[in-house]
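Next comes upload_17.cif, with mmCIF, C-alpha atoms.
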data_query
loop_
_atom_site.group_PDB
_atom_site.id
_atom_site.type_symbol
_atom_site.label_atom_id
_atom_site.label_comp_id
_atom_site.auth_asym_id
_atom_site.auth_seq_id
_atom_site.Cartn_x
_atom_site.Cartn_y
_atom_site.Cartn_z
ATOM 1 C CA MET A 1 7.429 -4.361 3.467
ATOM 2 C CA GLU A 2 8.258 -3.481 -0.135
ATOM 3 C CA ASP A 3 5.240 -5.463 -1.343
ATOM 4 C CA ILE A 4 2.773 -3.582 0.811
ATOM 5 C CA LEU A 5 4.266 -0.200 -0.070
ATOM 6 C CA ARG A 6 4.098 -0.926 -3.783
ATOM 7 C CA LYS A 7 0.556 -2.266 -3.371
ATOM 8 C CA TYR A 8 -0.700 1.085 -2.123
ATOM 9 C CA PHE A 9 1.890 3.404 -3.672
ATOM 10 C CA PRO A 10 2.906 1.858 -7.024
ATOM 11 C CA ASN A 11 4.763 4.993 -8.160
ATOM 12 C CA LEU A 12 7.377 4.927 -5.394
ATOM 13 C CA THR A 13 10.954 4.953 -6.652
ATOM 14 C CA ASP A 14 13.572 2.395 -5.630
ATOM 15 C CA THR A 15 15.283 5.134 -3.621
ATOM 16 C CA GLN A 16 12.098 5.848 -1.686
ATOM 17 C CA ILE A 17 11.532 2.148 -0.991
ATOM 18 C CA SER A 18 15.120 1.838 0.213
ATOM 19 C CA ARG A 19 14.690 4.824 2.518
ATOM 20 C CA TYR A 20 11.493 3.398 4.001
ATOM 21 C CA GLN A 21 13.250 0.116 4.691
ATOM 22 C CA ARG A 22 16.136 1.977 6.315
ATOM 23 C CA LEU A 23 13.700 4.096 8.341
ATOM 24 C CA ILE A 24 12.152 0.962 9.847
ATOM 25 C CA GLU A 25 15.605 -0.454 10.629
ATOM 26 C CA LYS A 26 16.734 2.732 12.360
ATOM 27 C CA LEU A 27 13.501 3.071 14.364
ATOM 28 C CA ARG A 28 13.997 -0.459 15.681
ATOM 29 C CA GLU A 29 17.621 0.262 16.562
ATOM 30 C CA TRP A 30 16.831 3.505 18.351
ATOM 31 C CA ASN A 31 13.849 2.034 20.166
ATOM 32 C CA GLU A 32 16.185 -0.293 22.033
ATOM 33 C CA LYS A 33 17.816 2.802 23.564
ATOM 34 C CA ILE A 34 14.955 5.324 23.694
ATOM 35 C CA ASN A 35 11.257 4.485 23.732
ATOM 36 C CA VAL A 36 10.108 6.414 20.672
ATOM 37 C CA VAL A 37 7.544 3.794 19.640
ATOM 38 C CA SER A 38 5.381 1.679 21.945
ATOM 39 C CA ARG A 39 7.190 -1.575 22.744
ATOM 40 C CA LYS A 40 4.076 -3.565 21.889
ATOM 41 C CA ASP A 41 4.085 -2.055 18.402
ATOM 42 C CA ILE A 42 7.727 -2.642 17.558
ATOM 43 C CA ASP A 43 6.883 -5.726 15.459
ATOM 44 C CA ASN A 44 4.175 -3.805 13.613
ATOM 45 C CA LEU A 45 6.107 -0.702 12.575
ATOM 46 C CA GLU A 46 5.381 -1.163 8.885
ATOM 47 C CA ILE A 47 1.589 -1.119 9.296
ATOM 48 C CA ASN A 48 0.877 0.727 12.541
ATOM 49 C CA HIS A 49 3.385 3.527 12.042
ATOM 50 C CA LEU A 50 4.816 3.787 8.526
ATOM 51 C CA LEU A 51 1.662 3.040 6.553
ATOM 52 C CA HIS A 52 -0.438 4.947 9.070
ATOM 53 C CA SER A 53 1.725 8.032 8.508
ATOM 54 C CA LEU A 54 1.413 7.669 4.751
ATOM 55 C CA ALA A 55 -2.387 7.800 4.943
ATOM 56 C CA ILE A 56 -1.912 11.567 4.724
ATOM 57 C CA ALA A 57 -0.343 11.086 1.282
ATOM 58 C CA LYS A 58 -3.536 9.328 0.211
ATOM 59 C CA PHE A 59 -5.640 12.214 1.459
ATOM 60 C CA ILE A 60 -3.639 15.075 -0.087
ATOM 61 C CA GLN A 61 -0.823 15.499 -2.577
ATOM 62 C CA PHE A 62 1.207 18.436 -1.273
ATOM 63 C CA ASN A 63 2.420 20.639 -4.108
ATOM 64 C CA SER A 64 6.090 21.370 -4.641
ATOM 65 C CA GLY A 65 7.200 24.270 -2.452
ATOM 66 C CA SER A 66 4.695 23.562 0.309
ATOM 67 C CA VAL A 67 5.767 23.795 3.946
ATOM 68 C CA VAL A 68 4.414 21.294 6.474
ATOM 69 C CA ILE A 69 4.927 21.304 10.250
ATOM 70 C CA ASP A 70 4.792 17.990 12.111
ATOM 71 C CA LEU A 71 3.722 18.899 15.646
ATOM 72 C CA GLY A 72 4.686 16.365 18.328
ATOM 73 C CA THR A 73 6.703 14.263 15.912
ATOM 74 C CA GLY A 74 8.286 12.002 18.546
ATOM 75 C CA GLY A 75 10.798 9.870 16.670
ATOM 76 C CA GLY A 76 9.761 11.389 13.344
ATOM 77 C CA LEU A 77 6.212 10.219 12.651
ATOM 78 C CA PRO A 78 4.438 11.119 10.434
ATOM 79 C CA GLY A 79 7.019 13.704 9.290
ATOM 80 C CA LEU A 80 9.843 11.471 8.078
ATOM 81 C CA PRO A 81 7.682 9.076 6.007
ATOM 82 C CA LEU A 82 6.000 12.090 4.413
ATOM 83 C CA ALA A 83 9.341 13.792 3.749
ATOM 84 C CA ILE A 84 10.488 10.694 1.871
ATOM 85 C CA TYR A 85 7.258 10.653 -0.128
ATOM 86 C CA PHE A 86 7.294 14.391 -0.909
ATOM 87 C CA PRO A 87 10.942 15.329 -1.613
ATOM 88 C CA GLU A 88 9.946 18.765 -2.995
ATOM 89 C CA VAL A 89 8.098 19.718 0.203
ATOM 90 C CA LYS A 90 9.753 21.231 3.276
ATOM 91 C CA PHE A 91 8.972 19.523 6.595
ATOM 92 C CA HIS A 92 9.635 21.078 10.008
ATOM 93 C CA LEU A 93 9.452 18.569 12.868
ATOM 94 C CA ILE A 94 8.778 19.752 16.432
ATOM 95 C CA ASP A 95 8.738 17.907 19.742
ATOM 96 C CA ARG A 96 8.967 18.919 23.398
ATOM 97 C CA ILE A 97 11.132 15.920 24.284
ATOM 98 C CA GLY A 98 14.726 16.608 23.320
ATOM 99 C CA LYS A 99 15.900 12.999 23.133
ATOM 100 C CA LYS A 100 13.084 12.114 20.716
ATOM 101 C CA ILE A 101 13.757 15.005 18.349
ATOM 102 C CA LYS A 102 17.433 14.019 18.366
ATOM 103 C CA VAL A 103 16.430 10.528 17.261
ATOM 104 C CA ALA A 104 14.352 11.934 14.405
ATOM 105 C CA GLU A 105 17.234 14.192 13.356
ATOM 106 C CA ALA A 106 19.739 11.338 13.483
ATOM 107 C CA ILE A 107 17.493 9.133 11.341
ATOM 108 C CA ALA A 108 16.951 11.919 8.791
ATOM 109 C CA THR A 109 20.705 12.411 8.535
ATOM 110 C CA ASP A 110 21.219 8.678 8.071
ATOM 111 C CA LEU A 111 18.594 8.648 5.302
ATOM 112 C CA GLY A 112 20.128 11.664 3.567
ATOM 113 C CA LEU A 113 16.924 13.721 3.764
ATOM 114 C CA GLU A 114 17.560 17.363 2.878
ATOM 115 C CA ASN A 115 13.981 18.648 3.077
ATOM 116 C CA VAL A 116 13.602 18.303 6.855
ATOM 117 C CA SER A 117 14.373 20.653 9.758
ATOM 118 C CA PHE A 118 13.962 20.085 13.490
ATOM 119 C CA GLN A 119 13.010 22.001 16.614
ATOM 120 C CA HIS A 120 13.075 21.035 20.271
ATOM 121 C CA GLY A 121 10.336 22.975 22.037
ATOM 122 C CA ASP A 122 6.728 24.101 21.938
ATOM 123 C CA MET A 123 4.678 25.340 19.008
ATOM 124 C CA SER A 124 4.555 28.764 20.648
ATOM 125 C CA GLU A 125 8.310 29.017 20.027
ATOM 126 C CA CYS A 126 8.039 28.091 16.356
ATOM 127 C CA LYS A 127 8.579 30.887 13.820
ATOM 128 C CA VAL A 128 7.950 28.735 10.745
ATOM 129 C CA LYS A 129 4.942 29.597 8.584
ATOM 130 C CA ALA A 130 3.360 26.524 7.017
ATOM 131 C CA ASP A 131 0.648 25.549 4.580
ATOM 132 C CA PHE A 132 -0.375 22.637 6.798
ATOM 133 C CA VAL A 133 0.287 21.282 10.256
ATOM 134 C CA VAL A 134 0.109 17.504 10.634
ATOM 135 C CA SER A 135 -0.067 15.650 13.923
ATOM 136 C CA ARG A 136 -0.490 12.122 15.192
ATOM 137 C CA ALA A 137 -2.012 11.331 18.592
ATOM 138 C CA VAL A 138 -0.887 14.588 20.229
ATOM 139 C CA SER A 139 -3.974 16.536 21.337
ATOM 140 C CA ASP A 140 -7.595 17.208 20.439
ATOM 141 C CA GLN A 141 -8.420 19.106 17.257
ATOM 142 C CA THR A 142 -9.801 22.181 19.028
ATOM 143 C CA SER A 143 -6.676 22.646 21.152
ATOM 144 C CA LEU A 144 -4.393 22.138 18.182
ATOM 145 C CA MET A 145 -6.230 24.724 16.104
ATOM 146 C CA LYS A 146 -5.611 27.290 18.840
ATOM 147 C CA ILE A 147 -1.944 26.330 19.148
ATOM 148 C CA ILE A 148 -1.149 26.630 15.434
ATOM 149 C CA ARG A 149 -3.077 29.833 14.645
ATOM 150 C CA ASN A 150 0.063 31.954 14.198
ATOM 151 C CA ASN A 151 1.850 29.438 11.991
ATOM 152 C CA ILE A 152 -0.570 28.929 9.100
ATOM 153 C CA LYS A 153 0.022 30.848 5.883
ATOM 154 C CA GLU A 154 -2.881 32.821 4.449
ATOM 155 C CA LYS A 155 -2.136 32.102 0.772
ATOM 156 C CA ASN A 156 -3.179 28.674 -0.497
ATOM 157 C CA ILE A 157 -1.033 26.815 -3.041
ATOM 158 C CA ASN A 158 -2.605 23.363 -2.689
ATOM 159 C CA ALA A 159 -5.886 21.808 -3.795
ATOM 160 C CA LEU A 160 -7.209 22.148 -0.237
ATOM 161 C CA PRO A 161 -7.158 25.322 1.882
ATOM 162 C CA ASN A 162 -4.342 25.516 4.427
ATOM 163 C CA GLY A 163 -5.081 23.950 7.785
ATOM 164 C CA LEU A 164 -4.649 21.059 10.192
ATOM 165 C CA ILE A 165 -4.481 17.366 9.274
ATOM 166 C CA THR A 166 -4.458 14.839 12.096
ATOM 167 C CA LEU A 167 -4.399 11.066 12.422
ATOM 168 C CA LYS A 168 -6.994 9.962 14.971
ATOM 169 C CA GLY A 169 -8.865 7.011 16.383
ATOM 170 C CA GLY A 170 -12.106 6.511 18.265
ATOM 171 C CA ASP A 171 -15.070 8.861 18.751
ATOM 172 C CA LEU A 172 -14.289 12.348 17.494
ATOM 173 C CA ASP A 173 -17.580 14.178 18.015
ATOM 174 C CA SER A 174 -16.692 15.685 21.378
ATOM 175 C CA GLU A 175 -13.159 16.769 20.564
ATOM 176 C CA LEU A 176 -14.030 18.574 17.329
ATOM 177 C CA GLY A 177 -16.216 21.046 19.215
ATOM 178 C CA ASN A 178 -16.908 24.191 17.216
ATOM 179 C CA TYR A 179 -14.855 22.835 14.313
ATOM 180 C CA LYS A 180 -17.176 19.869 13.690
ATOM 181 C CA ILE A 181 -19.150 21.596 10.944
ATOM 182 C CA ASN A 182 -16.059 22.696 9.008
ATOM 183 C CA SER A 183 -13.972 19.578 9.563
ATOM 184 C CA GLU A 184 -13.767 16.598 7.250
ATOM 185 C CA VAL A 185 -13.421 13.146 8.815
ATOM 186 C CA LEU A 186 -12.305 10.281 6.599
ATOM 187 C CA SER A 187 -11.879 6.573 7.336
ATOM 188 C CA ILE A 188 -8.355 5.361 6.633
ATOM 189 C CA SER A 189 -9.889 1.946 5.931
ATOM 190 C CA ASP A 190 -11.043 3.483 2.647
ATOM 191 C CA TYR A 191 -7.357 3.609 1.658
ATOM 192 C CA PHE A 192 -5.797 0.628 3.462
ATOM 193 C CA LYS A 193 -7.502 -2.723 4.062
ATOM 194 C CA GLU A 194 -5.451 -3.984 7.033
ATOM 195 C CA PRO A 195 -7.610 -4.502 10.192
ATOM 196 C CA PHE A 196 -5.511 -1.981 12.154
ATOM 197 C CA PHE A 197 -7.121 0.819 10.158
ATOM 198 C CA ASP A 198 -10.742 -0.144 10.816
ATOM 199 C CA SER A 199 -11.106 2.523 13.525
ATOM 200 C CA LYS A 200 -8.508 5.008 12.269
ATOM 201 C CA LYS A 201 -9.445 8.400 10.864
ATOM 202 C CA ILE A 202 -7.952 11.399 9.132
ATOM 203 C CA VAL A 203 -9.359 14.689 10.350
ATOM 204 C CA TYR A 204 -8.882 17.801 8.226
ATOM 205 C CA THR A 205 -9.827 21.251 9.463
ATOM 206 C CA PRO A 206 -9.206 24.235 7.156
ATOM 207 C CA PHE A 207 -7.941 27.328 8.907
ATOM 208 C CA TYR A 208 -9.596 30.072 6.864
#
Please lay out the structure from this file as structure tokens.
Amino acid sequence: MEDILRKYFPNLTDTQISRYQRLIEKLREWNEKINVVSRKDIDNLEINHLLHSLAIAKFIQFNSGSVVIDLGTGGGLPGLPLAIYFPEVKFHLIDRIGKKIKVAEAIATDLGLENVSFQHGDMSECKVKADFVVSRAVSDQTSLMKIIRNNIKEKNINALPNGLITLKGGDLDSELGNYKINSEVLSISDYFKEPFFDSKKIVYTPFY
């Protein structure tokens, strides 16, 4: 795993590499007790989950002091990989399923991550104001934009305007709806050459 991480992210520190390795170990351990990752994917965590999450770090470099909400984080994806990558950024991970958010919290504690907070519940209960919301395979872009409207800061401190960044697959025309014109859709295969990413996309929709 270290080889593939250094291939795409040559500036990672030894501490970050170590944390990514530990993250994979802990996800495998927890998945034997609680199904936080599809059983069929458990042997492909490094590519299908870790590297997939880090595609967001190829798309945008969050500035120090940014706040990012991971909506529907499950066992901590993409939030935990991004929190390791961006230690000066605050990540708030939310999930409706209590046992999954407890797994993410336990893994973050094990990794010694201090830039992560957790919430069991719905986005409507979240009081955190963020620069960006990220999400992976949770809902369609139009629905998510409605859900997060009260949680996006107005002031921009990053190179891109504040908004929603999602990891998607398949045909996106129908789900983007009214946001199609303003949204940016990028092929993750432009960043990573593994076959898994051939149909994977990043969708970015600015909020203002």
Between A:Val185, A:Leu144, A:Leu176, A:Leu23, smallest distance to Asp122 of chain A by all atoms listed in the file belongs to A:Leu144
Considering only C-alpha atoms, return as a list of chain:residue names whatever protein or nucleic-acid residues lie within 8 Å of segment 92-102 of chain A, sequence-local ones (same chain, fewer than 2 positions apart) excluded.
A:Ile34, A:Val36, A:Val67, A:Val68, A:Ile69, A:Asp70, A:Leu71, A:Gly72, A:Thr73, A:Gly74, A:Gly75, A:Gly76, A:Gly79, A:Lys90, A:Ala104, A:Glu105, A:Ala106, A:Val116, A:Ser117, A:Phe118, A:Gln119, A:His120, A:Gly121, A:Asp122, A:Met123, A:Val128
Interface rows for segment 39-95 of chain A against segment 27-32 of chain A: nearest pair, Å to one decimal, 12 Å, all atoms listed in the file, as CSV:
residue,atom,partner,partner_atom,distance
A:Arg39,CA,A:Asn31,CA,8.0
A:Lys40,CA,A:Asn31,CA,11.4
A:Asp41,CA,A:Arg28,CA,10.4
A:Ile42,CA,A:Arg28,CA,6.9
A:Asp43,CA,A:Arg28,CA,8.9
A:Asn44,CA,A:Arg28,CA,10.6
A:Leu45,CA,A:Arg28,CA,8.5
A:Glu46,CA,A:Leu27,CA,10.7
A:His49,CA,A:Leu27,CA,10.4
A:Leu50,CA,A:Leu27,CA,10.5
A:Gly74,CA,A:Leu27,CA,11.2
A:Gly75,CA,A:Leu27,CA,7.7
A:Gly76,CA,A:Leu27,CA,9.2
A:Leu77,CA,A:Leu27,CA,10.4
A:Leu80,CA,A:Leu27,CA,11.1
A:Pro81,CA,A:Leu27,CA,11.8
Can you turn the PyMOL selection byres ((chain A and resi 18) around 12) into a concrete residue list for this file, as number ranges by chain?
A: 1-2, 5, 12-17, 19-25, 81, 84-85, 111-112
Emit the selected residues as a PDB file, keeping the file's coordinate frame, including C-alpha atoms.
ATOM      1  CA  MET A   1       7.429  -4.361   3.467  1.00  0.00           C
ATOM      2  CA  GLU A   2       8.258  -3.481  -0.135  1.00  0.00           C
ATOM      3  CA  LEU A   5       4.266  -0.200  -0.070  1.00  0.00           C
ATOM      4  CA  LEU A  12       7.377   4.927  -5.394  1.00  0.00           C
ATOM      5  CA  THR A  13      10.954   4.953  -6.652  1.00  0.00           C
ATOM      6  CA  ASP A  14      13.572   2.395  -5.630  1.00  0.00           C
ATOM      7  CA  THR A  15      15.283   5.134  -3.621  1.00  0.00           C
ATOM      8  CA  GLN A  16      12.098   5.848  -1.686  1.00  0.00           C
ATOM      9  CA  ILE A  17      11.532   2.148  -0.991  1.00  0.00           C
ATOM     10  CA  ARG A  19      14.690   4.824   2.518  1.00  0.00           C
ATOM     11  CA  TYR A  20      11.493   3.398   4.001  1.00  0.00           C
ATOM     12  CA  GLN A  21      13.250   0.116   4.691  1.00  0.00           C
ATOM     13  CA  ARG A  22      16.136   1.977   6.315  1.00  0.00           C
ATOM     14  CA  LEU A  23      13.700   4.096   8.341  1.00  0.00           C
ATOM     15  CA  ILE A  24      12.152   0.962   9.847  1.00  0.00           C
ATOM     16  CA  GLU A  25      15.605  -0.454  10.629  1.00  0.00           C
ATOM     17  CA  PRO A  81       7.682   9.076   6.007  1.00  0.00           C
ATOM     18  CA  ILE A  84      10.488  10.694   1.871  1.00  0.00           C
ATOM     19  CA  TYR A  85       7.258  10.653  -0.128  1.00  0.00           C
ATOM     20  CA  LEU A 111      18.594   8.648   5.302  1.00  0.00           C
ATOM     21  CA  GLY A 112      20.128  11.664   3.567  1.00  0.00           C
TER      22      GLY A 112
END
Work out how far atom CA of Ile165 of chain A is from atom CA of Met145 of chain A, in Å to one decimal.
10.2 Å
Nearest candidate to Leu167 of chain A (options A:Pro206, A:Pro87, A:Pro78, A:Gly65; using only C-alpha atoms)
A:Pro78
